[in-house]
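Chemist: My questions all concern the structure below.
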There are 2 protein chains.
Amino acid sequence: MVGIDDVARAAGVSRATVSRALSGRGSVAGRTQKHVLAVAQQLGYVVSSTASGLASGRSRAVGVIVPLLNRWFYTAVLESAQNALISAGYDLTLYNLGGGADRRGNVFEEFLHRGRVDGFIAISLEVTPEEVRSLHAVGKPIVCVGGPIPGLHTLSVDDAEMSRLVTEHLASLGHRRIALIGGGPGEKDFRMPLKRKAGYELALKQHGIDVDGALQETGYFTIQSGFEAATRLLTNASLRPTAIFAVSDEMAVGAMLAARDLGLRVPEDLSVAGIDDHELAGFFGLTTVAQYPASQGARAVELLLNELAGDERVEDEEGNTSHPFDLIVRSSTAPPRVTNGPPRNRSVA
Amino acid sequence: MVGIDDVARAAGVSRATVSRALSGRGSVAGRTQKHVLAVAQQLGYVVSSTASGLASGRSRAVGVIVPLLNRWFYTAVLESAQNALISAGYDLTLYNLGGGADRRGNVFEEFLHRGRVDGFIAISLEVTPEEVRSLHAVGKPIVCVGGPIPGLHTLSVDDAEMSRLVTEHLASLGHRRIALIGGGPGEKDFRMPLKRKAGYELALKQHGIDVDGALQETGYFTIQSGFEAATRLLTNASLRPTAIFAVSDEMAVGAMLAARDLGLRVPEDLSVAGIDDHELAGFFGLTTVAQYPASQGARAVELLLNELAGDERVEDEEGNTSHPFDLIVRSSTAPPRVTNGPPRNRSVA
DNA sequence: ATGAAAGCGCTAACAT
DNA sequence: ATGTTAGCGCTTTCAT
């Protein structure tokens with residue numbers, strides 16, 4: 001293996017100069033630097049990250065923590081974060097929590113404390129108080145994307161407002177019987193589905209529509225669960241909604257498929273809307289709210305690297321940053337066909 | 001930060017003993033070890049991976065290289081590899097090549113050589129000769145999953161045979177006009193689609209069915225591209241197939257949706273089959289070939305860690321291991337309805 | 001079975 | 001601007 005001393009010798013300078021030339025820290029004469037770079041390149045020298053990390057305290061790597069991998073949103077954020085990190089010369093160490101409780105414990109107690117990375121990006125993480133303690137104990141900058149963690153800098157989208165926006169869109173089209181396919185009783189304290197539900201109910205209230213518990217179903221953010229929830233909603237003729245809002249596009253797609261199977265046309269007989277702007281949304285003509293995961297990933301990296309560079313920790317709730325989103329109207333939503341006044345004063349959840 | 005010396009002091013032993021007690025290398029008295037472990041635990045001591053890595057030459061991390069992330073197969077392998085690695089005490093450093101050519105170059109020339117990991121797992125990687133050279137130059141064990149790389153230990157599934165199996169299934173049901181939705185003109189030398197196509201053609205030949213180029217379309221492994229390819233195949237009444245075999249489940253699902261839109265029932269009017277056993281396959285009742293990505297990921301980790309432990313490099317083509325797969329027959333395939341002898345001697349591609 | 005001591009390959013004062 | 005030197009926090013011979 002070619003080491004820094006080999007480069008130093010070949011370039012006729014000291015080890016320290018090579019280090020400076022390659023890292024850009026400290027001063028080096030322009031031509032010296034060029035020369036060293038050329039020699040290093042020629043020899044195929046690459047700094048050892050362990051040695052460099054030990055000596056400098058910086059590892060040029062960041063850890064990315066995700067709840068699981070087989071979800072479009074997480075991988076989209078992850079992919080863009082990786083791109084941004086590679087561009088900045090950083091490695092990405094992945095911590096996927098989807099492997100079961102014991103592994104999750106290992107990660108929080110062991111792996112995160114190994115000092116392998118300079119900071120973390122936590123995607124949609126919902127954590128126990130104990131885990132929060134562990135996270136703080138690591139003493140490294142952390143940027144959260146979604147799932148706000150007490151005391152940590154969070155980059156979030158306004159889940160309630162996204163929901164309100166879609167529901168509002170449906171209500172504005174004239175729908176009064178708008179069903180919800182919300183998030184399941186999910187993990188831990190996974191609050192995102194609750195926020196989305198709250199936004200939905202807010203929009204209803206703003207339009208003077210009573211909240212009807214019978215119009216609320218839940219799913220697991222998959223096409224299949226959306227299909228099943230929609231089937232339940234649509235086969236009960238007595239309360240058939242004219243619109244369904246699913247809190248994720250995958251569930252919304254499931255709802256569209258269910259409608260088709262029941263002989264309902266979208267949007268003529270049923271409007272459907274979701275959240276995400278999933279890659280399938282365009283294909284299905286699904287009206288949705290784009291939340292730009294790629295840009296969230298890139299922005300998270302930017303925030304984290306800034307913290308790492310400036311050493312200015314933003315450790316309080318004020319440090320929260322919010323991310324833009326947009327309603328994307330496609331062909332799955334339209335005014336309801338029969339515009340006979342909606343039934344009012346229905347039973348409330 | 002609590003270091004090894006703190007533990008040594010608190011436990012009343014030397015640094016060396018603590019190191020041995022925690023790593024399990026070298027001999028330590030049973031009770032000493034227990035005591036040290038307890039003290040370390042109590043102090044919340046975790047070894048610094050940089051320091052340990054520098055001193056020992058082992059980093060307890062492996063790099064996983066993937067072509068991109070937003071594909072079910074890759075993330076499924078990745079997720080199971082991560083679980084296996086965490087269980088073995090290894091970190092996972094991710095290298096996603098989907099970020100564009102320049103980043104790809106960075107990864108091969110720079111990142112892989114930083115010595116941050118002890119070995120690599122390369123998933124479905126198709127590489128240029130230059131990249132192969134770079135990979136070898138790293139001098140670390142590499143296990144490939146799919147996409148065999150010259151001179152590297154590869155764990156692969158027999159793509160041609162999987163295809164042959166599905167096509168055979170369709171032919172056995174009596175289909176003679178079996179269309180193919182193959183892989184696009186993809187990346188680099190991405191040979192998997194070609195192998196799958198070869199298996200399809202082999203099965204046809206084995207059943208005395210002429211290969212008809214007009215029955216072959218290609219897609220990009222997405223639902224949408226499968227939909228489009230199937231639409232092309234099905235709207236040309238003169239050559240309408242009675243069965244479609246898509247080389248991935250996502251494309252097969254697209255084909256099922258296209259059939260529905262054209263008023264064709266599956267499997268009565270059209271049989272459809274895929275490859276993968278994607279999470280959607282069950283939902284759509286899709287006949288497919290399962291290739292168990294989770295078990296591939298786990299097995300790859302096992303192979304790699306063995307190499308790391310035994311230091312017995314398996315550097316030759318013989319080192320190839322193959323992975324099981326199974327035909328899963330669901331409700332998307334059935335005998336063709338009209339069994340009037342198939343048109344023979346049609347034009348060949 | 002344990003301890004003492006010499007690095008692992010680099011960075012960062014400090015000196016020049 | 002460059003060189004000298006003392007570590008970074010561990011692991012691992014080598015003694016004992």
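Please note that chains go A, B, ... in the order of the structure tokens, that every chain numbers its residues from 1, and that ligands are numbered from 1 in the order shown.
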With a cut-off of 9 Å and counting only C-alpha atoms, select all residues of chain B in contact with chain A and give the selection as a PyMOL selection string.
Modeler: chain B and resi 44-55+57+59+63+68-72+75-76+78-80+82-83+86-87+89-100+103+106-107+109-111+113-116+223-224+280+283
Chemist: Got a sec: who's within 10 Å of C:DA13, counting only C-alpha atoms (C1' of nucleotides), leaving out chain neighbours fewer than 2 positions off, as a PyMOL selection string?
Modeler: (chain C and resi 11+15) or (chain D and resi 5-6)
Chemist: Let's have the selection written as a tab-separated table (two decimals), in the first residue's frame, with C-alpha atoms (C1' of nucleotides).
Modeler:
```tsv
chain	number	residue	atom	x	y	z
C	11	DT	C1'	-2.61	15.54	11.33
C	15	DA	C1'	9.40	25.95	15.09
D	5	DT	C1'	7.68	16.18	16.24
D	6	DA	C1'	4.29	14.65	19.30
```
Chemist: Quick check, in Å to one decimal: how far apart do atom CA of A:Asp6 and atom CA of A:Gln42 lie?
Modeler: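 If I compute the distance from atom CA of A:Asp6 to atom CA of A:Gln42, I get 11.5 Å.
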Chemist: Could you please select, counting only C-alpha atoms (C1' of nucleotides), the residues of chain D within 10 Å of chain B and state them as a list in words?
Modeler: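 Listed by rising number, the hits are DC8, DG9, DC10, DT11 and DT12 of chain D.
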Chemist: So that I have them on file, write out the residues from the current selection with C-alpha atoms (C1' of nucleotides), as a PDB file, in the first residue's frame.
Modeler:
```
ATOM      1  C1'  DC D   8      -4.772  10.406  18.010  1.00  0.00           C
ATOM      2  C1'  DG D   9      -6.763   5.604  20.832  1.00  0.00           C
ATOM      3  C1'  DC D  10      -6.241   1.531  20.090  1.00  0.00           C
ATOM      4  C1'  DT D  11      -3.905  -3.556  19.053  1.00  0.00           C
ATOM      5  C1'  DT D  12      -0.296  -6.615  19.387  1.00  0.00           C
TER       6       DT D  12
END
```
Chemist: With DSSP run on the backbone, what are the strand (DSSP E) residues within stretch 89-333 of chain B? I'd like them as number ranges by chain.
Modeler: B: 91-96, 119-123, 142-145, 153-156, 178-183, 216-219, 243-246, 271-273, 288-290, 321-322, 326-328
Chemist: So that I can check the secondary structure, give me every residue of stretch 8-144 of chain A assigned helix (DSSP H, G or I) by backbone DSSP, as a PyMOL selection string.
Modeler: chain A and resi 8-11+15-23+30-43+49-56+72-87+101-109+111-113+129-138
Chemist: What is the atom CA of A:Asp276-atom CA of A:Glu168 distance in Å, reported with one decimal?
Modeler: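 We find that atom CA of A:Asp276 and atom CA of A:Glu168 lie 16.6 Å from each other.
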Chemist: I'd like a table as a Markdown table: residues in chain C with an atom no more than 10 Å from chain A, each row giving the shortest atom pair and its distance in Å to one decimal, only C-alpha atoms (C1' of nucleotides) counted, sorted by chain and rising residue number.
Modeler:
```
| residue | atom | partner | partner_atom | distance |
| --- | --- | --- | --- | --- |
| C:DC8 | C1' | A:Ala51 | CA | 7.6 |
| C:DG9 | C1' | A:Ala51 | CA | 5.0 |
| C:DC10 | C1' | A:Ser52 | CA | 4.9 |
| C:DT11 | C1' | A:Ala55 | CA | 5.2 |
| C:DA12 | C1' | A:Ser56 | CA | 8.1 |
```
Chemist: Write out as number ranges by chain each polymer residue whose atoms come within 10 Å of C:DA1, counting only C-alpha atoms (C1' of nucleotides); drop sequence neighbours fewer than 3 positions from it.
Modeler: B: 17, 26-30, 32
Chemist: Extract, using only C-alpha atoms (C1' of nucleotides), all DNA, RNA and protein residues at most 12 Å from D:DC14, discarding same-chain residues fewer than 4 positions from it, and format them as a PyMOL selection string.
Modeler: chain C and resi 3-6
Chemist: Output the selection as a PDB file, in the first residue's frame - N, CA and C atoms (P, O5', C5', C4', C3', O3' and C1' of nucleotides) for each residue.
Modeler:
```
ATOM      1  P    DG C   3      -2.765  -6.480  34.093  1.00  0.00           P
ATOM      2  O5'  DG C   3      -1.290  -6.145  33.576  1.00  0.00           O
ATOM      3  C5'  DG C   3      -0.195  -6.450  34.407  1.00  0.00           C
ATOM      4  C4'  DG C   3       1.090  -5.951  33.775  1.00  0.00           C
ATOM      5  C3'  DG C   3       1.042  -4.508  33.262  1.00  0.00           C
ATOM      6  O3'  DG C   3       2.304  -3.908  33.527  1.00  0.00           O
ATOM      7  C1'  DG C   3       1.597  -5.953  31.475  1.00  0.00           C
ATOM      8  P    DA C   4       2.540  -2.351  33.387  1.00  0.00           P
ATOM      9  O5'  DA C   4       3.880  -2.289  32.521  1.00  0.00           O
ATOM     10  C5'  DA C   4       4.622  -3.463  32.232  1.00  0.00           C
ATOM     11  C4'  DA C   4       5.687  -3.124  31.181  1.00  0.00           C
ATOM     12  C3'  DA C   4       5.803  -1.650  30.800  1.00  0.00           C
ATOM     13  O3'  DA C   4       7.135  -1.417  30.356  1.00  0.00           O
ATOM     14  C1'  DA C   4       4.946  -2.872  28.966  1.00  0.00           C
ATOM     15  P    DA C   5       7.519   0.052  29.735  1.00  0.00           P
ATOM     16  O5'  DA C   5       7.364  -0.227  28.182  1.00  0.00           O
ATOM     17  C5'  DA C   5       7.975  -1.378  27.610  1.00  0.00           C
ATOM     18  C4'  DA C   5       7.823  -1.329  26.095  1.00  0.00           C
ATOM     19  C3'  DA C   5       7.939   0.079  25.497  1.00  0.00           C
ATOM     20  O3'  DA C   5       8.457  -0.077  24.187  1.00  0.00           O
ATOM     21  C1'  DA C   5       5.858  -0.763  24.976  1.00  0.00           C
ATOM     22  P    DA C   6       9.165   1.176  23.453  1.00  0.00           P
ATOM     23  O5'  DA C   6       9.143   0.676  21.937  1.00  0.00           O
ATOM     24  C5'  DA C   6       9.120  -0.736  21.654  1.00  0.00           C
ATOM     25  C4'  DA C   6       8.207  -0.980  20.461  1.00  0.00           C
ATOM     26  C3'  DA C   6       8.267   0.150  19.423  1.00  0.00           C
ATOM     27  O3'  DA C   6       8.159  -0.442  18.146  1.00  0.00           O
ATOM     28  C1'  DA C   6       6.063  -0.124  20.129  1.00  0.00           C
TER      29       DA C   6
END
```
Chemist: Report, in Å with one decimal, the straight-line distance from atom C1' of D:DT16 to atom CA of B:Val18.
Modeler: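 Result for atom C1' of D:DT16 versus atom CA of B:Val18: 18.3 Å, one decimal.
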Chemist: Do a neighbour search on A:Ile328 at 6 Å with only C-alpha atoms (C1' of nucleotides), toss out local chain neighbours closer than 5 positions, and write the hits as a count of residues only.
Modeler: 3
Chemist: Excluding stretch 170-177 of chain A and residues on its chain fewer than 3 positions from it, collect all residues at most 8 Å away from it, counting only C-alpha atoms (C1' of nucleotides), and give them as a ChimeraX atom specification.
Modeler: /A:166-167,203-204,207,209,215,240-243,271,333-336,339,342
Chemist: Can I get the selected residues back with N, CA and C atoms, as a short mmCIF file (atom, residue, chain, number, x, y, z; two decimals), in the first residue's frame?
Modeler:
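The result, stored in selection-v9.cif:
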```cif
data_model
loop_
_atom_site.label_atom_id
_atom_site.label_comp_id
_atom_site.auth_asym_id
_atom_site.auth_seq_id
_atom_site.Cartn_x
_atom_site.Cartn_y
_atom_site.Cartn_z
N VAL A 166 -54.67 19.06 0.26
CA VAL A 166 -55.33 18.09 -0.62
C VAL A 166 -56.82 18.02 -0.32
N THR A 167 -57.13 17.97 0.94
CA THR A 167 -58.53 17.84 1.33
C THR A 167 -59.31 19.07 0.89
N ALA A 203 -59.39 20.74 7.28
CA ALA A 203 -59.96 21.21 6.01
C ALA A 203 -61.47 20.98 5.98
N LEU A 204 -61.90 19.82 6.49
CA LEU A 204 -63.33 19.54 6.52
C LEU A 204 -64.05 20.61 7.32
N HIS A 207 -64.53 23.83 5.74
CA HIS A 207 -65.56 23.84 4.71
C HIS A 207 -66.92 23.47 5.29
N ILE A 209 -67.81 20.88 6.84
CA ILE A 209 -68.20 19.48 6.68
C ILE A 209 -67.94 18.74 7.98
N LEU A 215 -66.05 7.32 7.75
CA LEU A 215 -65.34 7.57 6.49
C LEU A 215 -63.83 7.50 6.67
N ARG A 240 -71.14 5.55 0.90
CA ARG A 240 -70.11 5.67 -0.14
C ARG A 240 -69.64 7.11 -0.33
N PRO A 241 -68.34 7.30 -0.19
CA PRO A 241 -67.76 8.63 -0.38
C PRO A 241 -67.68 8.98 -1.87
N THR A 242 -67.59 10.27 -2.16
CA THR A 242 -67.39 10.68 -3.56
C THR A 242 -65.91 10.96 -3.79
N ALA A 243 -65.17 10.99 -2.72
CA ALA A 243 -63.73 11.22 -2.86
C ALA A 243 -62.99 10.48 -1.76
N SER A 271 -63.28 10.52 -6.85
CA SER A 271 -62.01 11.23 -6.93
C SER A 271 -61.06 10.59 -5.92
N THR A 333 -58.85 13.60 -9.87
CA THR A 333 -59.81 14.37 -9.09
C THR A 333 -60.64 15.27 -9.99
N ALA A 334 -61.93 15.36 -9.68
CA ALA A 334 -62.87 16.18 -10.45
C ALA A 334 -64.08 16.43 -9.55
N PRO A 335 -64.94 17.34 -9.94
CA PRO A 335 -66.14 17.57 -9.13
C PRO A 335 -66.97 16.29 -9.07
N PRO A 336 -67.70 16.11 -8.00
CA PRO A 336 -68.57 14.94 -7.90
C PRO A 336 -69.66 15.06 -8.95
N THR A 339 -74.69 16.43 -7.76
CA THR A 339 -74.45 17.51 -6.82
C THR A 339 -75.67 17.81 -5.98
N PRO A 342 -75.06 17.55 0.06
CA PRO A 342 -74.50 16.45 0.84
C PRO A 342 -75.32 16.24 2.11
#
```
